[in-house]
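Just below is one structure, and these are the notes that go with it.
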Amino acid sequence: MEIVKTIFFALLIAFVLRVVLFQPFTIPSASMEPNLYEGDYIVVSKWSYGYSKHSIPFSPPIFNGRILAQAPQRGDIVVFKLPRDNRTDYIKRLIGLPGDRIQMIGNVLHINGAPVRDVVVSGQDVTNMYGLPIIQADETLPGGKVIRIQDFGPGNDLDDTPVFEVPAGHYFMMGDNRDNSIDSRVEQSQGVGLVPAENLIGKAEIILFSWTPGASLWNPVSWFSKVRPSRFFTVLD
């Protein structure tokens, strides 16, 4: 009986910590490169934006809206539930706040009619899997936050968009890997669309550890051959 009680309280404490404080996530794709890579294992703070039903595993419909709500900041890396199914976890960067007008024109991000200043920092000689050159640039968002983004140059599908007007209670999300991200630039039935505040789960804070694709818990050899120690304990901006 003592063992059962110990296990019960250990699980209860773990559940409370996961709901109230932190939640781990594994990055499943390249959509947030060069800042997050597939195989990064990150920790998300749950208290940063307050709590909704999506803060609880399986999103039970026990209440609507947010409790202890705090507004996210432009430039935050945010984990949220995909609006079209309210079930799938997504991670993107918050670009548009309520009331903003967002548009891509000629591969340049525009916020409220003004182009976001960007400075190319790397035109790498390597190419992506499609043979396109990889370009990295630093964007300075309104408010002064500088973020590193990556794309394959002009002329790609999401480099020119209509104007997206962000309504109250919603946010506009984009991947840092601009030409390899399905995000708020793609309407909800096929992509992300605008994200309701209720769908926010938390703010990505730190990369705890990282494996290259192909690592497996069931293959102990890969724990050492696929590990990326240089990314351990990287604090996210």
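Identifiers in the structure tokens: chain A, B, ... in order shown; residue index from 1 per chain; ligand index from 1 in order shown.
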Find the nearest atom pair between each residue of region 122-219 of chain A and region 36-52 of chain A for residues within 6 Å, count only C-alpha atoms, give distances in Å to one decimal, sort rows by chain and ascending number, and present the table as JSON lines.
{"residue": "A:Glu198", "atom": "CA", "partner": "A:Ser52", "partner_atom": "CA", "distance": 5.9}
{"residue": "A:Gly202", "atom": "CA", "partner": "A:Lys46", "partner_atom": "CA", "distance": 4.7}
{"residue": "A:Lys203", "atom": "CA", "partner": "A:Val44", "partner_atom": "CA", "distance": 5.2}
{"residue": "A:Ala204", "atom": "CA", "partner": "A:Val44", "partner_atom": "CA", "distance": 4.4}
{"residue": "A:Glu205", "atom": "CA", "partner": "A:Val44", "partner_atom": "CA", "distance": 5.6}
{"residue": "A:Ile206", "atom": "CA", "partner": "A:Val43", "partner_atom": "CA", "distance": 5.6}
{"residue": "A:Ile207", "atom": "CA", "partner": "A:Ile42", "partner_atom": "CA", "distance": 4.3}
{"residue": "A:Leu208", "atom": "CA", "partner": "A:Ile42", "partner_atom": "CA", "distance": 5.4}
{"residue": "A:Phe209", "atom": "CA", "partner": "A:Tyr41", "partner_atom": "CA", "distance": 5.4}
{"residue": "A:Ser210", "atom": "CA", "partner": "A:Asp40", "partner_atom": "CA", "distance": 4.2}
{"residue": "A:Trp211", "atom": "CA", "partner": "A:Gly39", "partner_atom": "CA", "distance": 4.9}
{"residue": "A:Thr212", "atom": "CA", "partner": "A:Gly39", "partner_atom": "CA", "distance": 5.5}
{"residue": "A:Pro213", "atom": "CA", "partner": "A:Gly39", "partner_atom": "CA", "distance": 5.9}
Tell me, counting only C-alpha atoms, for each residue of region 125-171 of chain A within 12 Å of region 182-187 of chain A, which pair of atoms is nearest and how far apart they are in Å to one decimal, in rows ordered by chain and increasing number, as CSV.
residue,atom,partner,partner_atom,distance
A:Asp157,CA,A:Arg185,CA,10.2
A:Leu158,CA,A:Arg185,CA,7.1
A:Asp159,CA,A:Arg185,CA,9.7
A:Asp160,CA,A:Arg185,CA,9.7
A:Thr161,CA,A:Arg185,CA,7.3
A:Pro162,CA,A:Arg185,CA,8.8
A:Val163,CA,A:Arg185,CA,9.6
A:Phe164,CA,A:Arg185,CA,8.0
A:Glu165,CA,A:Ser184,CA,11.2
A:Val166,CA,A:Ser184,CA,10.3
A:His170,CA,A:Ser184,CA,10.9
A:Tyr171,CA,A:Ser184,CA,8.7
Go through region 27-110 of chain A and flag each residue having an atom no more than 9 Å from region 145-155 of chain A; for those, report the closest pair of atoms plus their distance in Å to one decimal, using only C-alpha atoms, ordered by chain and rising number, as CSV.
residue,atom,partner,partner_atom,distance
A:Met32,CA,A:Ile149,CA,8.4
A:Glu33,CA,A:Gln150,CA,6.7
A:Pro34,CA,A:Gln150,CA,6.4
A:Asn35,CA,A:Arg148,CA,7.3
A:Arg74,CA,A:Lys145,CA,8.2
A:Gly75,CA,A:Lys145,CA,6.8
A:Gly106,CA,A:Pro154,CA,6.5
A:Asn107,CA,A:Pro154,CA,5.4
A:Val108,CA,A:Pro154,CA,8.9
Using the selection just defined, write its residues with N, CA and C atoms as a PDB file, in the first residue's frame.
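What landed in part03.pdb:
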ATOM      1  N   MET A  32      11.423  25.962 -37.834  1.00  0.00           N
ATOM      2  CA  MET A  32      11.933  27.046 -36.987  1.00  0.00           C
ATOM      3  C   MET A  32      13.448  27.221 -37.088  1.00  0.00           C
ATOM      4  N   GLU A  33      14.078  26.572 -38.082  1.00  0.00           N
ATOM      5  CA  GLU A  33      15.501  26.839 -38.296  1.00  0.00           C
ATOM      6  C   GLU A  33      15.690  28.300 -38.705  1.00  0.00           C
ATOM      7  N   PRO A  34      16.800  28.930 -38.313  1.00  0.00           N
ATOM      8  CA  PRO A  34      18.013  28.366 -37.722  1.00  0.00           C
ATOM      9  C   PRO A  34      18.041  28.391 -36.204  1.00  0.00           C
ATOM     10  N   ASN A  35      16.909  28.642 -35.555  1.00  0.00           N
ATOM     11  CA  ASN A  35      16.893  28.770 -34.097  1.00  0.00           C
ATOM     12  C   ASN A  35      16.519  27.478 -33.382  1.00  0.00           C
ATOM     13  N   ARG A  74       5.456  40.357 -29.016  1.00  0.00           N
ATOM     14  CA  ARG A  74       5.890  40.128 -30.381  1.00  0.00           C
ATOM     15  C   ARG A  74       7.323  39.568 -30.386  1.00  0.00           C
ATOM     16  N   GLY A  75       7.525  38.502 -31.135  1.00  0.00           N
ATOM     17  CA  GLY A  75       8.842  37.874 -31.203  1.00  0.00           C
ATOM     18  C   GLY A  75       8.991  36.660 -30.320  1.00  0.00           C
ATOM     19  N   GLY A 106       7.337  40.734 -51.850  1.00  0.00           N
ATOM     20  CA  GLY A 106       8.662  40.506 -52.414  1.00  0.00           C
ATOM     21  C   GLY A 106       9.652  39.926 -51.429  1.00  0.00           C
ATOM     22  N   ASN A 107       9.164  38.977 -50.607  1.00  0.00           N
ATOM     23  CA  ASN A 107      10.014  38.284 -49.638  1.00  0.00           C
ATOM     24  C   ASN A 107      10.381  39.159 -48.433  1.00  0.00           C
ATOM     25  N   VAL A 108       9.720  40.300 -48.276  1.00  0.00           N
ATOM     26  CA  VAL A 108       9.982  41.190 -47.143  1.00  0.00           C
ATOM     27  C   VAL A 108       8.739  41.259 -46.274  1.00  0.00           C
TER      28      VAL A 108
END
Query - DSSP-assigned strand (DSSP E) among region 157-210 of chain A, expressed as a list in words - result: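 Answer for region 157-210 of chain A restricted to strand (DSSP E) is Phe164, Glu165, His170, Tyr171, Phe172, Met173, Met174, Val195, Pro196, Leu200, Ile201, Gly202, Lys203, Ala204, Glu205, Ile206, Ile207, Leu208, Phe209 and Ser210 of chain A.
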Query - Residues within 10 Å of Ala114 (chain A), only C-alpha atoms, excluding chain neighbours under 3 positions, as a list in words - result: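 Those residues are Arg101, Ile102, Gln103, Val108, Leu109, His110, Ile111, Arg117 and Pro142 of chain A.
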With all heavy atoms retained, export the selected residues as an mmCIF file, in the first residue's frame.
data_model
loop_
_atom_site.group_PDB
_atom_site.id
_atom_site.type_symbol
_atom_site.label_atom_id
_atom_site.label_comp_id
_atom_site.auth_asym_id
_atom_site.auth_seq_id
_atom_site.Cartn_x
_atom_site.Cartn_y
_atom_site.Cartn_z
ATOM 1 N N ARG A 101 -1.685 44.644 -39.089
ATOM 2 C CA ARG A 101 -1.841 44.222 -40.486
ATOM 3 C C ARG A 101 -0.509 43.636 -40.937
ATOM 4 O O ARG A 101 0.518 44.304 -40.886
ATOM 5 C CB ARG A 101 -2.238 45.414 -41.366
ATOM 6 C CG ARG A 101 -3.655 45.937 -41.089
ATOM 7 C CD ARG A 101 -3.976 47.201 -41.863
ATOM 8 N NE ARG A 101 -3.215 48.340 -41.371
ATOM 9 C CZ ARG A 101 -2.221 48.920 -42.007
ATOM 10 N NH1 ARG A 101 -1.858 48.490 -43.202
ATOM 11 N NH2 ARG A 101 -1.584 49.956 -41.473
ATOM 12 N N ILE A 102 -0.550 42.379 -41.363
ATOM 13 C CA ILE A 102 0.663 41.645 -41.725
ATOM 14 C C ILE A 102 0.610 41.299 -43.207
ATOM 15 O O ILE A 102 -0.419 40.847 -43.711
ATOM 16 C CB ILE A 102 0.803 40.350 -40.897
ATOM 17 C CG1 ILE A 102 0.666 40.640 -39.392
ATOM 18 C CG2 ILE A 102 2.114 39.651 -41.213
ATOM 19 C CD1 ILE A 102 1.749 41.508 -38.816
ATOM 20 N N GLN A 103 1.742 41.475 -43.896
ATOM 21 C CA GLN A 103 1.814 41.114 -45.311
ATOM 22 C C GLN A 103 3.257 40.819 -45.695
ATOM 23 O O GLN A 103 4.198 41.431 -45.182
ATOM 24 C CB GLN A 103 1.285 42.261 -46.185
ATOM 25 C CG GLN A 103 1.203 41.919 -47.677
ATOM 26 C CD GLN A 103 0.609 43.052 -48.504
ATOM 27 O OE1 GLN A 103 0.606 44.213 -48.090
ATOM 28 N NE2 GLN A 103 0.103 42.724 -49.681
ATOM 29 N N VAL A 108 9.720 40.300 -48.276
ATOM 30 C CA VAL A 108 9.982 41.190 -47.143
ATOM 31 C C VAL A 108 8.739 41.259 -46.274
ATOM 32 O O VAL A 108 7.629 41.524 -46.764
ATOM 33 C CB VAL A 108 10.367 42.608 -47.614
ATOM 34 C CG1 VAL A 108 10.548 43.543 -46.419
ATOM 35 C CG2 VAL A 108 11.646 42.556 -48.446
ATOM 36 N N LEU A 109 8.891 41.031 -44.981
ATOM 37 C CA LEU A 109 7.790 41.130 -44.029
ATOM 38 C C LEU A 109 7.405 42.589 -43.822
ATOM 39 O O LEU A 109 8.274 43.443 -43.597
ATOM 40 C CB LEU A 109 8.218 40.501 -42.698
ATOM 41 C CG LEU A 109 7.256 40.658 -41.522
ATOM 42 C CD1 LEU A 109 5.934 39.938 -41.789
ATOM 43 C CD2 LEU A 109 7.906 40.110 -40.232
ATOM 44 N N HIS A 110 6.114 42.873 -43.920
ATOM 45 C CA HIS A 110 5.581 44.206 -43.629
ATOM 46 C C HIS A 110 4.608 44.104 -42.454
ATOM 47 O O HIS A 110 3.739 43.224 -42.437
ATOM 48 C CB HIS A 110 4.848 44.778 -44.846
ATOM 49 C CG HIS A 110 5.758 45.198 -45.960
ATOM 50 N ND1 HIS A 110 6.553 44.312 -46.650
ATOM 51 C CD2 HIS A 110 5.989 46.433 -46.506
ATOM 52 C CE1 HIS A 110 7.235 44.974 -47.578
ATOM 53 N NE2 HIS A 110 6.924 46.242 -47.505
ATOM 54 N N ILE A 111 4.767 44.999 -41.492
ATOM 55 C CA ILE A 111 3.867 45.073 -40.333
ATOM 56 C C ILE A 111 3.275 46.471 -40.293
ATOM 57 O O ILE A 111 4.012 47.463 -40.242
ATOM 58 C CB ILE A 111 4.608 44.751 -39.027
ATOM 59 C CG1 ILE A 111 5.171 43.322 -39.077
ATOM 60 C CG2 ILE A 111 3.666 44.904 -37.832
ATOM 61 C CD1 ILE A 111 5.969 42.927 -37.851
ATOM 62 N N ARG A 117 12.921 45.897 -41.215
ATOM 63 C CA ARG A 117 14.328 45.987 -41.618
ATOM 64 C C ARG A 117 15.010 44.636 -41.436
ATOM 65 O O ARG A 117 14.901 44.014 -40.374
ATOM 66 C CB ARG A 117 15.040 47.052 -40.776
ATOM 67 C CG ARG A 117 16.527 47.196 -41.067
ATOM 68 C CD ARG A 117 17.117 48.345 -40.248
ATOM 69 N NE ARG A 117 18.559 48.458 -40.455
ATOM 70 C CZ ARG A 117 19.453 47.848 -39.674
ATOM 71 N NH1 ARG A 117 19.060 47.119 -38.649
ATOM 72 N NH2 ARG A 117 20.739 48.010 -39.903
ATOM 73 N N PRO A 142 9.143 45.587 -34.859
ATOM 74 C CA PRO A 142 8.707 46.763 -34.109
ATOM 75 C C PRO A 142 8.875 46.515 -32.599
ATOM 76 O O PRO A 142 8.509 45.466 -32.093
ATOM 77 C CB PRO A 142 7.223 46.876 -34.478
ATOM 78 C CG PRO A 142 7.122 46.225 -35.821
ATOM 79 C CD PRO A 142 8.103 45.098 -35.802
#
Query raised in the report: Which residues in chain A does DSSP call alpha helix (DSSP H)? List them as a PyMOL selection string.
Result: chain A and resi 2-20+220-225
Requested in this report: Just give me the gap between CA of His54 (chain A) and CA of Arg178 (chain A) in Å, one decimal is fine.
Outcome: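 Between these atoms lies a distance of 26.7 Å.
Our summary of the geometry notes that CA of Ile91 (chain A) is positioned 7.0 Å from CA of Ile77 (chain A).
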